>>> print(open('entry-v5.csv').read())   # CSV, C-alpha atoms and all ligand atoms
chain,number,residue,atom,x,y,z
A,1,MET,CA,38.9,7.3,34.2
A,2,ALA,CA,35.8,5.2,34.9
A,3,ARG,CA,32.4,6.8,35.1
A,4,VAL,CA,29.3,5.0,36.3
A,5,LEU,CA,25.9,6.2,35.1
A,6,SER,CA,22.6,4.9,36.5
A,7,ALA,CA,19.1,5.6,35.3
A,8,ASP,CA,15.6,4.6,36.4
A,9,SER,CA,14.9,3.6,32.8
A,10,MET,CA,17.6,1.9,30.7
A,11,LEU,CA,17.3,-0.2,27.6
A,12,HIS,CA,18.7,-3.6,28.5
A,13,PRO,CA,20.1,-6.1,26.0
A,14,SER,CA,16.9,-8.1,26.6
A,15,GLY,CA,15.0,-5.2,25.1
A,16,ASP,CA,13.3,-4.1,28.3
A,17,LEU,CA,13.3,-0.6,29.8
A,18,ARG,CA,14.1,-1.1,33.5
A,19,PRO,CA,16.4,0.6,36.0
A,20,GLY,CA,20.1,-0.1,35.3
A,21,TRP,CA,23.6,1.2,35.2
A,22,VAL,CA,26.7,1.1,33.1
A,23,ARG,CA,30.4,1.5,33.8
A,24,ILE,CA,32.3,3.4,31.1
A,25,GLU,CA,36.1,3.0,30.8
A,26,ASP,CA,38.2,4.1,27.8
A,27,GLY,CA,35.2,4.5,25.6
A,28,HIS,CA,33.7,1.1,26.3
A,29,LEU,CA,31.1,-0.4,28.7
A,30,THR,CA,33.1,-2.6,31.1
A,31,GLU,CA,30.1,-3.4,33.2
A,32,VAL,CA,26.3,-3.3,32.7
A,33,GLY,CA,24.0,-4.0,35.6
A,34,GLU,CA,20.5,-3.8,36.9
A,35,GLY,CA,19.1,-2.8,40.3
A,36,SER,CA,21.0,-0.6,42.7
A,37,PRO,CA,24.2,0.9,41.2
A,38,PRO,CA,27.7,0.7,42.8
A,39,ALA,CA,28.7,3.5,45.1
A,40,GLY,CA,29.8,6.7,43.3
A,41,ALA,CA,27.4,6.2,40.4
A,42,GLU,CA,26.0,9.4,38.8
A,43,HIS,CA,22.2,9.2,38.6
A,44,VAL,CA,20.8,10.6,35.3
A,45,ASP,CA,17.2,11.5,34.8
A,46,GLY,CA,15.3,10.1,31.8
A,47,ILE,CA,16.0,7.1,29.6
A,48,LEU,CA,19.4,5.7,28.9
A,49,ALA,CA,19.6,4.0,25.6
A,50,PRO,CA,22.3,2.9,23.1
A,51,GLY,CA,23.2,5.5,20.5
A,52,PHE,CA,21.2,5.2,17.4
A,53,VAL,CA,22.4,3.4,14.3
A,54,ASP,CA,21.3,4.8,10.9
A,55,VAL,CA,22.0,2.6,7.9
A,56,HIS,CA,20.4,4.9,5.4
A,57,CYS,CA,21.3,8.5,5.5
A,58,HIS,CA,22.4,10.8,2.7
A,59,GLY,CA,23.4,13.9,4.7
A,60,GLY,CA,22.4,16.7,7.0
A,61,GLY,CA,23.3,20.2,8.1
A,62,GLY,CA,23.4,21.4,4.5
A,63,ALA,CA,26.0,18.7,3.6
A,64,ALA,CA,25.7,15.5,1.5
A,65,PHE,CA,27.9,12.4,1.7
A,66,ASP,CA,28.1,12.6,-2.1
A,67,ASP,CA,30.4,15.6,-1.6
A,68,GLY,CA,33.1,13.7,0.3
A,69,ALA,CA,34.9,13.7,3.6
A,70,GLU,CA,34.5,17.3,4.8
A,71,ALA,CA,30.7,17.3,4.0
A,72,ALA,CA,30.5,13.9,5.7
A,73,GLU,CA,31.8,15.3,9.0
A,74,THR,CA,29.1,18.0,8.9
A,75,ALA,CA,26.4,15.5,8.2
A,76,ARG,CA,27.6,13.2,10.9
A,77,GLN,CA,27.7,15.9,13.5
A,78,THR,CA,24.2,17.0,12.6
A,79,HIS,CA,22.8,13.6,13.1
A,80,ARG,CA,24.9,13.0,16.2
A,81,SER,CA,23.2,15.8,18.0
A,82,HIS,CA,19.9,13.9,17.4
A,83,GLY,CA,21.3,10.7,19.0
A,84,THR,CA,22.8,8.9,16.0
A,85,THR,CA,26.3,7.6,17.0
A,86,SER,CA,26.8,5.1,14.1
A,87,MET,CA,25.8,5.6,10.5
A,88,LEU,CA,26.4,4.4,7.0
A,89,ALA,CA,27.1,7.1,4.4
A,90,SER,CA,24.5,6.6,1.7
A,91,LEU,CA,25.5,7.7,-1.8
A,92,VAL,CA,22.9,8.4,-4.6
A,93,SER,CA,23.4,7.0,-8.1
A,94,ASP,CA,26.3,8.5,-9.9
A,95,ASP,CA,28.6,7.6,-12.8
A,96,PRO,CA,30.9,4.8,-11.8
A,97,ALA,CA,34.2,6.9,-11.8
A,98,ARG,CA,32.7,9.6,-9.6
A,99,LEU,CA,31.2,7.1,-7.3
A,100,LEU,CA,34.5,5.3,-6.9
A,101,ARG,CA,36.2,8.6,-6.1
A,102,THR,CA,33.6,9.5,-3.5
A,103,VAL,CA,33.9,6.1,-1.8
A,104,GLN,CA,37.7,6.4,-1.7
A,105,ASP,CA,37.4,9.9,-0.3
A,106,LEU,CA,35.1,8.6,2.5
A,107,ALA,CA,37.2,5.5,3.2
A,108,PRO,CA,39.4,7.1,5.9
A,109,LEU,CA,36.3,8.0,7.9
A,110,VAL,CA,35.2,4.3,7.8
A,111,ARG,CA,38.7,3.1,8.7
A,112,ASP,CA,38.9,5.4,11.8
A,113,GLY,CA,35.4,4.4,12.9
A,114,ARG,CA,33.6,7.8,12.3
A,115,LEU,CA,31.4,6.1,9.7
A,116,ALA,CA,30.2,2.5,9.9
A,117,GLY,CA,30.6,2.1,6.2
A,118,VAL,CA,29.3,3.3,2.8
A,119,HIS,CA,25.9,2.4,1.4
A,120,LEU,CA,25.6,2.6,-2.4
A,121,GLU,CA,22.0,3.4,-3.3
A,122,GLY,CA,22.4,2.7,-7.0
A,123,PRO,CA,23.2,3.1,-9.8
A,124,TRP,CA,21.8,-0.4,-10.4
A,125,LEU,CA,18.2,0.6,-9.9
A,126,SER,CA,15.0,0.3,-11.9
A,127,ARG,CA,14.1,3.2,-14.1
A,128,GLU,CA,10.4,2.5,-13.3
A,129,ARG,CA,11.2,2.9,-9.6
A,130,ALA,CA,13.9,5.6,-9.8
A,131,GLY,CA,12.3,7.8,-7.1
A,132,ALA,CA,14.7,10.7,-6.6
A,133,HIS,CA,17.6,9.1,-8.6
A,134,ASP,CA,18.5,10.6,-11.9
A,135,PRO,CA,17.2,8.1,-14.5
A,136,ASP,CA,20.1,8.9,-16.9
A,137,LEU,CA,22.6,7.5,-14.4
A,138,LEU,CA,20.8,4.2,-13.8
A,139,SER,CA,22.1,0.9,-15.4
A,140,ALA,CA,22.2,-2.8,-15.1
A,141,PRO,CA,24.9,-4.1,-12.7
A,142,ASP,CA,28.4,-4.1,-14.1
A,143,ALA,CA,30.6,-6.8,-12.6
A,144,THR,CA,33.8,-4.9,-13.1
A,145,VAL,CA,32.5,-1.7,-11.5
A,146,LEU,CA,31.0,-3.7,-8.7
A,147,GLU,CA,34.3,-5.4,-8.0
A,148,GLU,CA,36.1,-2.1,-7.9
A,149,LEU,CA,33.7,-0.6,-5.5
A,150,LEU,CA,33.6,-3.7,-3.2
A,151,GLY,CA,37.4,-3.8,-3.4
A,152,THR,CA,37.6,-0.5,-1.5
A,153,GLY,CA,36.7,-2.6,1.6
A,154,VAL,CA,34.4,0.1,3.0
A,155,VAL,CA,31.1,-0.6,1.1
A,156,ARG,CA,28.8,-2.2,3.7
A,157,MET,CA,25.5,-2.1,1.8
A,158,VAL,CA,24.3,-2.0,-1.8
A,159,THR,CA,20.7,-1.2,-2.7
A,160,LEU,CA,19.9,-2.7,-6.1
A,161,ALA,CA,17.0,-3.8,-8.3
A,162,PRO,CA,17.6,-7.6,-8.5
A,163,GLU,CA,15.4,-8.0,-11.6
A,164,LEU,CA,17.9,-6.1,-13.8
A,165,PRO,CA,20.1,-8.2,-16.1
A,166,GLY,CA,22.9,-9.6,-13.9
A,167,GLY,CA,21.0,-8.6,-10.8
A,168,THR,CA,21.1,-12.0,-9.1
A,169,ASP,CA,24.8,-12.4,-9.8
A,170,ALA,CA,25.4,-9.0,-8.3
A,171,VAL,CA,23.5,-10.0,-5.2
A,172,ARG,CA,25.6,-13.1,-4.9
A,173,ARG,CA,28.8,-11.2,-5.3
A,174,ILE,CA,27.8,-8.5,-2.8
A,175,ALA,CA,26.9,-11.2,-0.2
A,176,ALA,CA,30.2,-13.0,-0.9
A,177,ALA,CA,32.1,-9.8,-0.2
A,178,GLY,CA,30.5,-9.6,3.2
A,179,ALA,CA,28.3,-6.6,2.3
A,180,ILE,CA,24.5,-6.4,2.6
A,181,ALA,CA,22.6,-6.7,-0.7
A,182,ALA,CA,19.3,-4.8,-0.2
A,183,VAL,CA,16.4,-4.9,-2.6
A,184,GLY,CA,15.2,-1.4,-3.4
A,185,HIS,CA,14.2,1.0,-6.1
A,186,SER,CA,12.9,-2.2,-7.7
A,187,ASP,CA,10.1,-3.4,-9.9
A,188,ALA,CA,10.8,-7.0,-8.9
A,189,THR,CA,7.9,-9.4,-8.7
A,190,TYR,CA,7.3,-11.5,-5.6
A,191,ARG,CA,9.1,-14.4,-7.4
A,192,GLN,CA,12.1,-12.3,-8.4
A,193,THR,CA,12.5,-11.0,-4.9
A,194,ARG,CA,12.4,-14.5,-3.5
A,195,GLU,CA,15.2,-15.4,-5.9
A,196,ALA,CA,17.2,-12.4,-4.7
A,197,LEU,CA,16.7,-13.5,-1.1
A,198,ALA,CA,17.8,-17.1,-2.0
A,199,ALA,CA,20.9,-15.6,-3.7
A,200,GLY,CA,21.8,-13.8,-0.4
A,201,ALA,CA,19.9,-10.5,-0.3
A,202,ARG,CA,19.2,-9.6,3.3
A,203,ALA,CA,17.2,-6.4,3.4
A,204,GLY,CA,14.6,-4.2,1.8
A,205,THR,CA,15.5,-0.6,1.3
A,206,HIS,CA,12.8,1.8,2.5
A,207,LEU,CA,10.0,-0.8,2.4
A,208,PHE,CA,7.1,0.3,0.1
A,209,ASN,CA,8.8,3.4,-1.2
A,210,ALA,CA,10.2,3.1,-4.7
A,211,MET,CA,9.2,-0.5,-5.1
A,212,ARG,CA,6.4,-2.4,-6.8
A,213,GLY,CA,3.4,-2.2,-4.5
A,214,LEU,CA,1.7,-4.8,-2.4
A,215,HIS,CA,-1.0,-6.4,-4.5
A,216,HIS,CA,-3.1,-9.5,-3.8
A,217,ARG,CA,-2.4,-11.0,-7.3
A,218,GLU,CA,1.3,-9.8,-7.5
A,219,PRO,CA,2.5,-9.4,-3.9
A,220,GLY,CA,5.8,-7.8,-5.0
A,221,PRO,CA,9.0,-7.3,-3.0
A,222,ALA,CA,7.2,-6.2,0.2
A,223,ALA,CA,5.4,-9.5,0.8
A,224,ALA,CA,8.5,-11.5,-0.1
A,225,LEU,CA,10.6,-9.5,2.3
A,226,LEU,CA,8.1,-9.6,5.2
A,227,GLU,CA,7.4,-13.3,5.0
A,228,ASP,CA,11.1,-14.2,4.9
A,229,GLY,CA,12.0,-14.9,8.5
A,230,GLU,CA,15.4,-13.3,8.2
A,231,ALA,CA,15.2,-10.3,5.9
A,232,PHE,CA,15.4,-6.9,7.5
A,233,VAL,CA,13.1,-4.1,6.3
A,234,GLU,CA,13.8,-0.4,6.5
A,235,LEU,CA,11.1,2.1,7.4
A,236,ILE,CA,11.0,5.8,7.0
A,237,ALA,CA,8.8,6.9,10.0
A,238,ASP,CA,8.2,10.5,9.1
A,239,GLY,CA,4.5,10.5,8.4
A,240,VAL,CA,5.1,11.3,4.7
A,241,HIS,CA,6.7,8.2,3.2
A,242,VAL,CA,4.5,5.5,4.8
A,243,HIS,CA,1.1,5.7,6.5
A,244,PRO,CA,1.4,5.1,10.2
A,245,ALA,CA,-1.0,2.2,10.0
A,246,MET,CA,1.4,0.4,7.7
A,247,LEU,CA,4.4,1.2,10.0
A,248,GLY,CA,2.5,-0.5,12.8
A,249,TRP,CA,1.5,-3.4,10.7
A,250,VAL,CA,5.1,-4.0,9.5
A,251,HIS,CA,6.3,-3.8,13.1
A,252,ARG,CA,3.9,-6.5,14.2
A,253,SER,CA,4.6,-8.6,11.1
A,254,ALA,CA,8.3,-8.6,11.3
A,255,PRO,CA,9.3,-8.3,15.0
A,256,GLY,CA,13.0,-7.8,15.4
A,257,ARG,CA,13.5,-7.3,11.7
A,258,CYS,CA,12.1,-3.9,11.1
A,259,LEU,CA,14.5,-1.0,11.5
A,260,LEU,CA,14.0,2.8,11.4
A,261,ILE,CA,16.1,4.8,8.9
A,262,THR,CA,16.1,8.5,8.2
A,263,ASP,CA,16.9,8.5,4.5
A,264,ALA,CA,17.8,12.1,5.4
A,265,MET,CA,19.2,14.4,2.8
A,266,SER,CA,21.3,17.5,3.2
A,267,ALA,CA,18.4,19.8,4.1
A,268,THR,CA,18.0,17.9,7.4
A,269,GLY,CA,18.6,20.3,10.3
A,270,GLY,CA,18.3,23.3,8.0
A,271,PRO,CA,15.6,25.7,6.8
A,272,ASP,CA,13.1,25.1,3.9
A,273,GLY,CA,14.5,26.1,0.5
A,274,HIS,CA,16.5,24.8,-2.5
A,275,TYR,CA,19.0,21.9,-2.1
A,276,ARG,CA,20.6,19.3,-4.3
A,277,LEU,CA,20.4,15.5,-4.2
A,278,GLY,CA,23.1,14.2,-6.4
A,279,ARG,CA,22.6,16.3,-9.6
A,280,LEU,CA,18.9,16.9,-9.1
A,281,HIS,CA,17.4,20.0,-7.6
A,282,VAL,CA,15.2,19.6,-4.5
A,283,ARG,CA,12.8,21.9,-2.9
A,284,VAL,CA,12.0,21.6,0.7
A,285,ASP,CA,8.6,23.0,2.0
A,286,ASP,CA,7.5,22.4,5.5
A,287,GLY,CA,10.3,20.0,5.9
A,288,VAL,CA,9.2,17.8,3.0
A,289,ALA,CA,11.8,17.3,0.3
A,290,ARG,CA,10.7,16.9,-3.3
A,291,ILE,CA,12.4,16.9,-6.7
A,292,ALA,CA,11.8,20.4,-8.0
A,293,ASP,CA,10.6,19.4,-11.5
A,294,THR,CA,8.6,16.3,-10.8
A,295,GLY,CA,7.4,16.6,-7.2
A,296,THR,CA,8.7,13.1,-6.4
A,297,ILE,CA,9.6,12.7,-2.7
A,298,ALA,CA,13.4,13.1,-2.4
A,299,GLY,CA,14.5,11.5,0.8
A,300,SER,CA,13.5,13.1,4.1
A,301,THR,CA,14.5,15.7,6.6
A,302,LEU,CA,14.1,13.2,9.4
A,303,THR,CA,16.4,12.7,12.3
A,304,MET,CA,16.4,9.4,14.2
A,305,ASP,CA,15.0,10.8,17.4
A,306,ARG,CA,12.0,12.1,15.6
A,307,ALA,CA,11.5,8.8,13.8
A,308,VAL,CA,11.5,7.1,17.2
A,309,ARG,CA,8.9,9.5,18.5
A,310,PHE,CA,6.7,9.2,15.4
A,311,ALA,CA,6.9,5.4,15.7
A,312,VAL,CA,5.7,5.6,19.3
A,313,ASP,CA,3.2,8.4,19.1
A,314,GLU,CA,1.6,7.6,15.7
A,315,ALA,CA,2.4,4.0,14.8
A,316,GLY,CA,1.8,2.2,18.0
A,317,PHE,CA,5.3,1.0,18.7
A,318,GLY,CA,6.2,0.6,22.4
A,319,ALA,CA,9.1,2.8,23.4
A,320,GLU,CA,11.4,-0.2,23.8
A,321,ASP,CA,10.6,-1.5,20.4
A,322,ALA,CA,11.1,1.9,18.7
A,323,LEU,CA,14.4,2.4,20.5
A,324,ARG,CA,15.5,-1.1,19.4
A,325,ALA,CA,14.4,-0.5,15.8
A,326,ALA,CA,16.8,2.5,15.9
A,327,SER,CA,19.7,0.7,17.5
A,328,GLU,CA,19.9,-3.0,18.1
A,329,VAL,CA,18.1,-4.1,14.9
A,330,PRO,CA,20.2,-2.0,12.5
A,331,ALA,CA,23.3,-3.1,14.4
A,332,ARG,CA,22.4,-6.7,13.9
A,333,LEU,CA,21.8,-6.1,10.2
A,334,LEU,CA,25.4,-4.7,10.1
A,335,GLY,CA,26.7,-7.7,11.9
A,336,ARG,CA,28.0,-5.5,14.7
A,337,ASP,CA,27.7,-6.6,18.4
A,338,ASP,CA,29.7,-3.6,19.7
A,339,ILE,CA,27.1,-1.0,18.9
A,340,GLY,CA,23.3,-0.6,19.2
A,341,VAL,CA,23.1,-2.4,22.6
A,342,LEU,CA,24.2,-1.7,26.1
A,343,ARG,CA,26.2,-4.8,26.8
A,344,ARG,CA,29.6,-5.4,28.4
A,345,GLY,CA,32.4,-4.8,25.8
A,346,ALA,CA,30.3,-2.6,23.6
A,347,ARG,CA,31.3,0.9,22.7
A,348,ALA,CA,30.1,3.5,25.2
A,349,ASP,CA,27.8,5.2,22.6
A,350,LEU,CA,24.9,6.4,24.6
A,351,VAL,CA,21.9,8.6,24.2
A,352,LEU,CA,20.1,10.1,27.1
A,353,LEU,CA,16.4,10.9,26.4
A,354,GLU,CA,13.6,12.7,28.2
A,355,GLU,CA,10.5,10.8,29.0
A,356,ASP,CA,8.9,12.1,25.8
A,357,LEU,CA,11.9,10.7,23.8
A,358,THR,CA,13.6,14.0,23.0
A,359,VAL,CA,17.3,13.9,23.2
A,360,ARG,CA,18.9,15.4,26.2
A,361,GLU,CA,22.5,14.4,25.8
A,362,VAL,CA,24.7,12.2,23.5
A,363,LEU,CA,27.8,10.5,24.9
A,364,PRO,CA,30.7,10.5,24.3
A,365,ALA,CA,30.6,14.3,23.8
A,366,SER,CA,32.2,14.3,20.3
A,401,ZN,ZN,15.9,5.7,-2.0
>>> encode(input="entry-v5.csv", output="structure tokens")
Amino acid sequence: MARVLSADSMLHPSGDLRPGWVRIEDGHLTEVGEGSPPAGAEHVDGILAPGFVDVHCHGGGGAAFDDGAEAAETARQTHRSHGTTSMLASLVSDDPARLLRTVQDLAPLVRDGRLAGVHLEGPWLSRERAGAHDPDLLSAPDATVLEELLGTGVVRMVTLAPELPGGTDAVRRIAAAGAIAAVGHSDATYRQTREALAAGARAGTHLFNAMRGLHHREPGPAAALLEDGEAFVELIADGVHVHPAMLGWVHRSAPGRCLLITDAMSATGGPDGHYRLGRLHVRVDDGVARIADTGTIAGSTLTMDRAVRFAVDEAGFGAEDALRAASEVPARLLGRDDIGVLRRGARADLVLLEEDLTVREVLPAS
């Protein structure tokens, strides 16, 4: 049955917030218009936007994607209630056999569309920039293991440190398989990052976090990623991982290429206390997750709606740009034109927000 929703403020494919309306039929948008809606339209108060797309998320609601399909469903529903309607399941570094089993366990959720794919964050990461990954599990890329993982057909993104032996070849292979090679947890120099981009890397994983810093004599990965006209950069807009001034600066430096991620771990949506991230123990205090032994920041407890509000309230993003950075930009990184934007033919994944960008409703209902 068709349903027409109209709002005084809607995020149009052009990126503007203006009055508009959508016709929903069989889970898709069959018409998108501006101005006065057709007769019988339901008027909704607030801002109508595409459902959020999170390409870097480890879990939520007490559940981690590393624990397989059942946990994935809990994490998915937790983030869904905060406006995220498409997500990659990010897996932390693990031994190859266990990683493959987890990917195979999650594969049915990718095939039926509940997940947009799997994101492997490791194990081919720099020990110098391990962050919250268990250093004992990190290694240089192994071509056989990589082929096995890519062969599942559900891996959409791989974060790796391209400076490791075999790193550039791995980037080439990931790109050739149609997945996204992302530079992250990396001690790569500016030159090494440029080489990775030339080999087909397309993104920077949580820019600035767990990568060689931006320095005037050795600009590192951040400068190489930002100056590349096509690379996408992920930002964790929680006020803990990156200073708001840097968020605003990146947004202005890379318009249309900077995307918000949550990097959320299992504690998201739950109380402070003890949790796990892979094999490591994490303590969450005041919503900030840290590895219990070392105090290293261990992902976030962020939800995408809060990231959008932080970007607007603290980092100077316009509401349109923050909403796009949480929907259209990550969808473009994934090569998806059926999500992240309210256009004819797209999935009817919608989030209805209050004027202050809190979530009022997520459609469809489940
Ligand atoms: Zn990370």
>>> residues_around(input="entry-v5.csv", residues="Ser139 (chain A)", least_positions_apart="5", cutoff="7 Å", atoms="all atoms listed in the file", output="list of chain:residue names")
A:Pro123, A:Trp124, A:Leu125
>>> residues_around(input="entry-v5.csv", residues="region 100-114 of chain A", least_positions_apart="3", cutoff="12 Å", atoms="all atoms listed in the file", output="PyMOL selection string")
chain A and resi 64-77+80+84-97+117-120+123+144-156+278+338-339+347+366
>>> closest_residue(input="entry-v5.csv", among="A:Thr205, A:Thr30, A:Thr301, A:Ser9", to="ligand ZN 401 (chain A)", atoms="only C-alpha atoms and all ligand atoms")
A:Thr205
>>> closest_atom_pairs(input="entry-v5.csv", of="region 252-364 of chain A", to="region 167-186 of chain A", cutoff="12 Å", atoms="all atoms listed in the file", output="Markdown table")
| residue | atom | partner | partner_atom | distance |
| --- | --- | --- | --- | --- |
| A:Pro330 | CA | A:Ile180 | CA | 11.7 |
| A:Arg332 | CA | A:Ile180 | CA | 11.5 |
| A:Leu333 | CA | A:Ile180 | CA | 8.1 |
| A:Leu334 | CA | A:Ile180 | CA | 7.7 |
| A:Gly335 | CA | A:Ile180 | CA | 9.6 |
>>> write_last_selection(input="entry-v5.csv", atoms="C-alpha atoms", output="tab-separated table (two decimals), in the coordinates of the input")
chain	number	residue	atom	x	y	z
A	330	PRO	CA	20.20	-2.00	12.50
A	332	ARG	CA	22.40	-6.70	13.90
A	333	LEU	CA	21.80	-6.10	10.20
A	334	LEU	CA	25.40	-4.70	10.10
A	335	GLY	CA	26.70	-7.70	11.90
>>> residues_near_point(input="entry-v5.csv", point="(22.5, -1.2, 22.4)", cutoff="12 Å", atoms="all atoms listed in the file", output="PyMOL selection string")
chain A and resi 10-17+22+29+32+48-53+84-86+320+323-332+336-351
>>> write_last_selection(input="entry-v5.csv", atoms="C-alpha atoms", output="short mmCIF file (atom, residue, chain, number, x, y, z; two decimals), keeping the file's coordinate frame")
data_model
loop_
_atom_site.label_atom_id
_atom_site.label_comp_id
_atom_site.auth_asym_id
_atom_site.auth_seq_id
_atom_site.Cartn_x
_atom_site.Cartn_y
_atom_site.Cartn_z
CA MET A 10 17.60 1.90 30.70
CA LEU A 11 17.30 -0.20 27.60
CA HIS A 12 18.70 -3.60 28.50
CA PRO A 13 20.10 -6.10 26.00
CA SER A 14 16.90 -8.10 26.60
CA GLY A 15 15.00 -5.20 25.10
CA ASP A 16 13.30 -4.10 28.30
CA LEU A 17 13.30 -0.60 29.80
CA VAL A 22 26.70 1.10 33.10
CA LEU A 29 31.10 -0.40 28.70
CA VAL A 32 26.30 -3.30 32.70
CA LEU A 48 19.40 5.70 28.90
CA ALA A 49 19.60 4.00 25.60
CA PRO A 50 22.30 2.90 23.10
CA GLY A 51 23.20 5.50 20.50
CA PHE A 52 21.20 5.20 17.40
CA VAL A 53 22.40 3.40 14.30
CA THR A 84 22.80 8.90 16.00
CA THR A 85 26.30 7.60 17.00
CA SER A 86 26.80 5.10 14.10
CA GLU A 320 11.40 -0.20 23.80
CA LEU A 323 14.40 2.40 20.50
CA ARG A 324 15.50 -1.10 19.40
CA ALA A 325 14.40 -0.50 15.80
CA ALA A 326 16.80 2.50 15.90
CA SER A 327 19.70 0.70 17.50
CA GLU A 328 19.90 -3.00 18.10
CA VAL A 329 18.10 -4.10 14.90
CA PRO A 330 20.20 -2.00 12.50
CA ALA A 331 23.30 -3.10 14.40
CA ARG A 332 22.40 -6.70 13.90
CA ARG A 336 28.00 -5.50 14.70
CA ASP A 337 27.70 -6.60 18.40
CA ASP A 338 29.70 -3.60 19.70
CA ILE A 339 27.10 -1.00 18.90
CA GLY A 340 23.30 -0.60 19.20
CA VAL A 341 23.10 -2.40 22.60
CA LEU A 342 24.20 -1.70 26.10
CA ARG A 343 26.20 -4.80 26.80
CA ARG A 344 29.60 -5.40 28.40
CA GLY A 345 32.40 -4.80 25.80
CA ALA A 346 30.30 -2.60 23.60
CA ARG A 347 31.30 0.90 22.70
CA ALA A 348 30.10 3.50 25.20
CA ASP A 349 27.80 5.20 22.60
CA LEU A 350 24.90 6.40 24.60
CA VAL A 351 21.90 8.60 24.20
#
>>> closest_residue(input="entry-v5.csv", among="A:Gln192, A:Ser6, A:Thr262, A:Ser81", to="ligand ZN 401 (chain A)", atoms="all atoms listed in the file")
A:Thr262
>>> residues_near_ligand(input="entry-v5.csv", ligand="ligand ZN 401 (chain A)", cutoff="9 Å", atoms="all atoms listed in the file", output="PDB file with C-alpha atoms, in the coordinates of the input")
ATOM      1  CA  HIS A  56      20.400   4.900   5.400  1.00  0.00           C
ATOM      2  CA  VAL A  92      22.900   8.400  -4.600  1.00  0.00           C
ATOM      3  CA  GLU A 121      22.000   3.400  -3.300  1.00  0.00           C
ATOM      4  CA  GLY A 122      22.400   2.700  -7.000  1.00  0.00           C
ATOM      5  CA  ALA A 130      13.900   5.600  -9.800  1.00  0.00           C
ATOM      6  CA  GLY A 131      12.300   7.800  -7.100  1.00  0.00           C
ATOM      7  CA  ALA A 132      14.700  10.700  -6.600  1.00  0.00           C
ATOM      8  CA  HIS A 133      17.600   9.100  -8.600  1.00  0.00           C
ATOM      9  CA  THR A 159      20.700  -1.200  -2.700  1.00  0.00           C
ATOM     10  CA  GLY A 184      15.200  -1.400  -3.400  1.00  0.00           C
ATOM     11  CA  HIS A 185      14.200   1.000  -6.100  1.00  0.00           C
ATOM     12  CA  THR A 205      15.500  -0.600   1.300  1.00  0.00           C
ATOM     13  CA  HIS A 206      12.800   1.800   2.500  1.00  0.00           C
ATOM     14  CA  ASN A 209       8.800   3.400  -1.200  1.00  0.00           C
ATOM     15  CA  ALA A 210      10.200   3.100  -4.700  1.00  0.00           C
ATOM     16  CA  ASP A 263      16.900   8.500   4.500  1.00  0.00           C
ATOM     17  CA  ALA A 298      13.400  13.100  -2.400  1.00  0.00           C
ATOM     18  CA  GLY A 299      14.500  11.500   0.800  1.00  0.00           C
TER      19      GLY A 299
END
>>> atom_distance(input="entry-v5.csv", atom1="CA of His251 (chain A)", atom2="CA of Ala203 (chain A)")
14.8 Å
>>> atom_distance(input="entry-v5.csv", atom1="CA of Gly256 (chain A)", atom2="CA of Asp321 (chain A)")
8.4 Å
>>> residues_around(input="entry-v5.csv", residues="Leu207 (chain A)", least_positions_apart="2", cutoff="12 Å", atoms="only C-alpha atoms", output="JSON, numbers by chain")
{"A": [159, 182, 183, 184, 185, 186, 203, 204, 205, 209, 210, 211, 212, 213, 214, 220, 221, 222, 223, 224, 225, 226, 231, 232, 233, 234, 235, 236, 237, 241, 242, 243, 246, 247, 250, 251, 254, 257, 258, 259, 260, 261, 263]}
>>> atom_distance(input="entry-v5.csv", atom1="CA of Glu230 (chain A)", atom2="CA of Thr193 (chain A)")
13.6 Å
>>> closest_residue(input="entry-v5.csv", among="A:Gly27, A:Gly46, A:Gly229, A:Gly239", to="Val308 (chain A)", atoms="only C-alpha atoms")
A:Gly239
>>> closest_residue(input="entry-v5.csv", among="A:Asp293, A:Asp134, A:Tyr190, A:Val240", to="His216 (chain A)", atoms="all atoms listed in the file")
A:Tyr190
>>> residues_around(input="entry-v5.csv", residues="Ala267 (chain A)", least_positions_apart="6", cutoff="10 Å", atoms="all atoms listed in the file", output="list in words")
His58, Gly59, Gly60, Gly61, Gly62, Ala63, Ala64, Ala75, Gly273, His274, Tyr275, Arg276, Leu277, Val282, Arg283, Val284, Gly287, Val288, Ala289, Gly299, Ser300, Thr301 and Leu302 of chain A
>>> residues_around(input="entry-v5.csv", residues="Glu34 (chain A)", least_positions_apart="5", cutoff="7 Å", atoms="all atoms listed in the file", output="number ranges by chain")
A: 19-21
>>> closest_residue(input="entry-v5.csv", among="A:Leu352, A:Ala307, A:Leu160, A:Val359", to="Ile47 (chain A)", atoms="all atoms listed in the file")
A:Leu352
>>> closest_residue(input="entry-v5.csv", among="A:Gly200, A:Ala143, A:Val4, A:Glu218", to="Glu25 (chain A)", atoms="all atoms listed in the file")
A:Val4
